[in-house]
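Read through the structure below, which is laid out as structure tokens, and then see the notes.
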Amino acid sequence: MCGIAGAFAYGGNAPALRESELRAMRDAMALRGPDGTGEYFSPDGRLAFGHRRLAIVDLRSVADQPMRLGGTDLRIVFNGEIFNYQALRDELTAQGAVFETESDTEVLLHLYARDGAAMLGRLRGMFALAIHDAAKGEMFLARDPFGIKPLYIADDGGTLRFASQVKALLASDRVDRRPNPAGHAGFFLWGHVPDPHTLHRGISALPAGHFAIVDARGMRAPVPFFDLCAALSARGAPAMDLRAAVVDTVRHHMIADVPVGVFLSAGIDSTVLAGIAAETNASQLDTVTLGFDAFRGSANDETALAEEFAAARGTRQHTSWIDAKHFSAAREALFAAMDQPTVDGINTYFVAEAAKQAGLKVALSGLGGDEIFAGYPSFAQIPKLVRQAAPFGFMGPAVRLATQDWIGRIASPKYAGLLEYGGTFEGAYLLRRALYMPWEIAKLLPRGMAEEGLAELGYPDTLDRGLGAVPSDRLKVSALEIANYMRDRLLRDSDWAGMAHSIEIRVPFVDPVFLANALPHLAHAGKRDLAATPKPPLPASLSDRPKTGFVVPVREWLVGAGDRHGHLRGLRGWANHVYSTFVDA
């Protein structure tokens with residue numbers, strides 16, 4: 001896991017790149033890679049690569065980046081991990097490739113030399129990468145299928161800059177910082193900034209599951225190499241049973257030259273990962289649990305069950321307690337680490353801090369289990385709402401206009417849009433996940449910015465993304481949750497919050513191979529089936545426990561326990577605070 005940065009002056013009149021600019025971008029991400037720095041500047045001054053290293057695989061300096069493939073004009077900077085790199089290395093070696101390192105980075109270079117962009121279909125992992133081919137005068141950019149690893153781009157028409165973080169690109173003085181209406185409106189709509197947008201006109205994300213070529217004409221349109229809806233629509237007999245699928249993905253995600261721990265809550269997803277990982281060598285497995293002093297002993301306190309499970313499986317358990325004083329002391333650093341505004345990520349920030357204190361560099365997270373195994377209320381609520389609201393959709397706009405100005409005084413403002421949005425999966429999802437509804441955003445942003453931003457976002461229609469081809473209601477909701485809430489919030493928050501403490505967070509459920517292996521079981525398999533996959537299975541105290549969600553006492557920390565606002569009002573208040581922190585910075 002690392003931080004990458006670079007620039008490619010493709011235009012004929014583009015100026016030579018300054019070393020100070022590249023280093024400012026790279027070193028703005030120092031926490032992503034405390035184990036080493038690297039840089040490369042081409043002799044003509046038109047290419048610059050920078051790298052901050054968190055050494056996980058092949059810890060030797062010979063595996064440092066940027067890395068050049070000997071005997072070629074290929075050079076790479078890469079952030080992430082390729083979990084099947086050993087099998088790919090064996091295949092390449094059998095075909096005559098000669099390796100100088102034990103790293104997955106060198107495997108990528110050999111694979112690209114052989115297959116070009118077609119290599120992406122062979123990779124099992126999380127990655128954002130840039131490969132420069134000096135002989136062709138072009139650069140290749142790619143981002144993993146689910147967008148686990150970020151890759152941001154700033155193109156001024158002559159030079160393309162890229163980095164693992166928005167704030168790294170902002171360290172350059174040649175990036176357009178003007179407000180991007182879609183990014184600002186999107187934050188208030190969702191509580192996070194939706195890809196590919198950022199708050200800035202000049203910075204956007206390379207879409208997940210896409211690659212792009214940059215040559216003398218500039219960056220060509222990104223090309224998809226992974227289609228989530230197509231993956232969810234695939235048919236076929238099970239290649240393996242559900243336990244084997246979980247064991248397979250955990251085994252791949254445990255590959256490292258440093259110890260790998262597990263973030264352990266009382267939820268099924270994390271306890272399954274810990275249970276499977278503990279089957280091999282429990283006494284060498286670190287499990288890390290987060291507790292909040294404000295919830296101690298209440299239904300929201302998961303520490304007792306997590307500690308009981310860890311003791312039963314024999315892991316080395318670490319429990320970290322967070323209180324208002326700790327939050328206050330960490331607040332400035334937390335916001336400095338937060339790359340884009342979000343209402344989430346605080347829990348991950350503190351559990352990653354605990355993992356760091358436990359001496360870890362890598363931890364597994366159960367993120368993705370809810371999206372695949374129907375763990376959210378949305379899996380029941382959205383199809384039900386679609387069935388009930390669809391016949392009355394023609395009345396929706398009139399009902400919304402008649403109620404939107406007053407209904408928030410007696411109920412959730414979302415009720416005004418039930419008929420207008422509730423009759424389609426896309427609209428019902430917007431109702432389920434939105435922080436503010438579209439008609440409310442004009443009150444939060446200047447009218448012109450709100451209107452322009454909402455028009456560019458195009459919700460709820462732009463949520464479709466091939467949803468009609470997905471064969472079941474359950475998988476339609478999975479597609480919506482994976483492509484939006486999971487990708488644009490949970491995964492992004494895991495990236496910045498983990499990297500704030502130089503912790504690589506791995507997500508075994510967020511894996512195309514696991515999805516393909518689990519898919520034939522999803523018509524009937526749920527969380528209880530997942531709970532049965534470890535040996536022994538999870539105890540009833542965990543497998544039968546109702547889902548509560550992971551709650552963070554931000555409202556109590558900010559305004560005190562006497563606050564009586566509802567959940568939505570409290571979340572909106574936190575969102576407004578986060579937004580003002582970014583805008584006023």
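Ordered as shown in the structure tokens, chains take letters A, B, and onward, while each chain numbers its residues from 1 and ligands are numbered from 1 in the order shown.
If you count only C-alpha atoms and ignore residues fewer than 2 places along the chain from Ala531 in chain A, what sits within 10 Å of it is Arg243, Gly267, Ile268, Asp269, Thr271, Val272, Leu273, Gly275, Gly526, Lys527, Arg528, Asp529, Thr533, Pro534, Lys535, Pro536, Pro537, Leu538, Pro539, Ala540, Leu542, Ser543 and Asp544 of chain A.
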> DSSP on the backbone: what in range 389-492 of chain A comes out helix (DSSP H, G or I), as a PyMOL selection string?
Replying inline: chain A and resi 389-403+407-409+413-421+425-433+438-443+447-457+461-463+467-469+473-492
>> From the options A:Ala416, A:Ala532, A:Leu151, A:Ala310, which residue's atoms come nearest to Leu431 in chain A, counting only C-alpha atoms?
In response: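 Of the candidates, the smallest distance to Leu431 in chain A is held by A:Ala416.
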>> For Gly116 in chain A, find every residue with an atom within 12 Å (counting only C-alpha atoms), except residues of its own chain fewer than 3 positions away, and show them as a count of residues only.
In response: 21
>> From the options A:Val260, A:Ala205, A:Leu418, A:Leu189, which residue's atoms come nearest to Gly359 in chain A, counting only C-alpha atoms?
In response: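 Among the listed residues, the smallest separation from Gly359 in chain A belongs to A:Val260.
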> Residues of range 301-532 of chain A in strand (DSSP E or B) according to DSSP, as a PyMOL selection string?
Replying inline: chain A and resi 316-322+342+362-364+504-506
> Hey, what's within 12 Å of Ala354 in chain A if we count only C-alpha atoms and toss same-chain stuff fewer than 4 positions away? As a PyMOL selection string, please?
Replying inline: chain A and resi 261-264+286-291+317-322+347-350+358-363+497-498+500-503
> Closest to Glu106 in chain A among A:Ala525, A:Ala374, A:Val62, A:Ala135, using only C-alpha atoms?
Replying inline: A:Val62
>> Rounded to one decimal, what separation in Å do you get between CA of Val175 in chain A and CA of Ile148 in chain A?
In response: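 Between CA of Val175 in chain A and CA of Ile148 in chain A the gap is 24.5 Å.
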>> Just checking: using only C-alpha atoms, which residue out of A:Met437, A:Leu522, A:Ala329, A:Val507 ends up closest to Pro413 in chain A?
In response: A:Met437
> Given the choices A:Ala277, A:Met29, A:Ala523, A:Met67, which gets closest to Asp473 in chain A if the distance is worked out from only C-alpha atoms?
Replying inline: A:Ala523
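Using only C-alpha atoms for every distance, the candidate list A:Asp195, A:Asp104, A:Glu138, A:Asp58 yields A:Asp195 as the residue closest to Tyr485 in chain A.
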> Between CA of Ala87 in chain A and CA of Leu491 in chain A, what is the distance, to one decimal in Å?
Replying inline: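 So the answer is 26.5 Å.
When the distance limit is 7 Å and only C-alpha atoms are what count, the residues near range 566-575 of chain A, minus those fewer than 3 positions from it on the same chain, are Gly191, Val343, Leu435, Arg555, Val578 and Tyr579 of chain A.
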>> Need to verify the contact set: range 1-16 of chain A, 7 Å, only C-alpha atoms, exclusion of same-chain residues closer than 4 positions in sequence. Can you return it as a VMD selection string?
In response: chain A and resid 22 25 to 26 29 32 to 33 45 to 54 77 to 81 158 to 164 215 to 216 218 504
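The coordinates place CA of Ile82 in chain A at 12.2 Å from CA of Arg143 in chain A.
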Give me the residues near Pro438 in chain A as a CSV table (one decimal) with C-alpha atoms, in the first residue's frame, where near means some atom within 10 Å (using only C-alpha atoms) and where sequence neighbours in that chain fewer than 3 positions away do not count.
chain,number,residue,atom,x,y,z
A,185,ALA,CA,-24.4,19.3,-4.5
A,186,GLY,CA,-23.4,15.6,-4.4
A,188,PHE,CA,-25.2,17.3,0.5
A,189,LEU,CA,-27.3,14.8,-1.5
A,414,LYS,CA,-38.1,12.6,2.4
A,417,GLY,CA,-40.8,12.5,-2.4
A,430,LEU,CA,-32.1,7.8,-3.5
A,434,ALA,CA,-30.0,10.5,0.5
A,435,LEU,CA,-28.9,12.9,3.3
A,441,ILE,CA,-30.1,21.6,-1.7
A,442,ALA,CA,-31.0,25.0,-3.2
A,450,ALA,CA,-27.3,23.9,-6.8
A,451,GLU,CA,-29.1,23.8,-10.1
A,454,LEU,CA,-28.0,18.6,-9.7
A,459,TYR,CA,-30.1,11.6,-10.1
A,460,PRO,CA,-32.0,9.3,-9.8
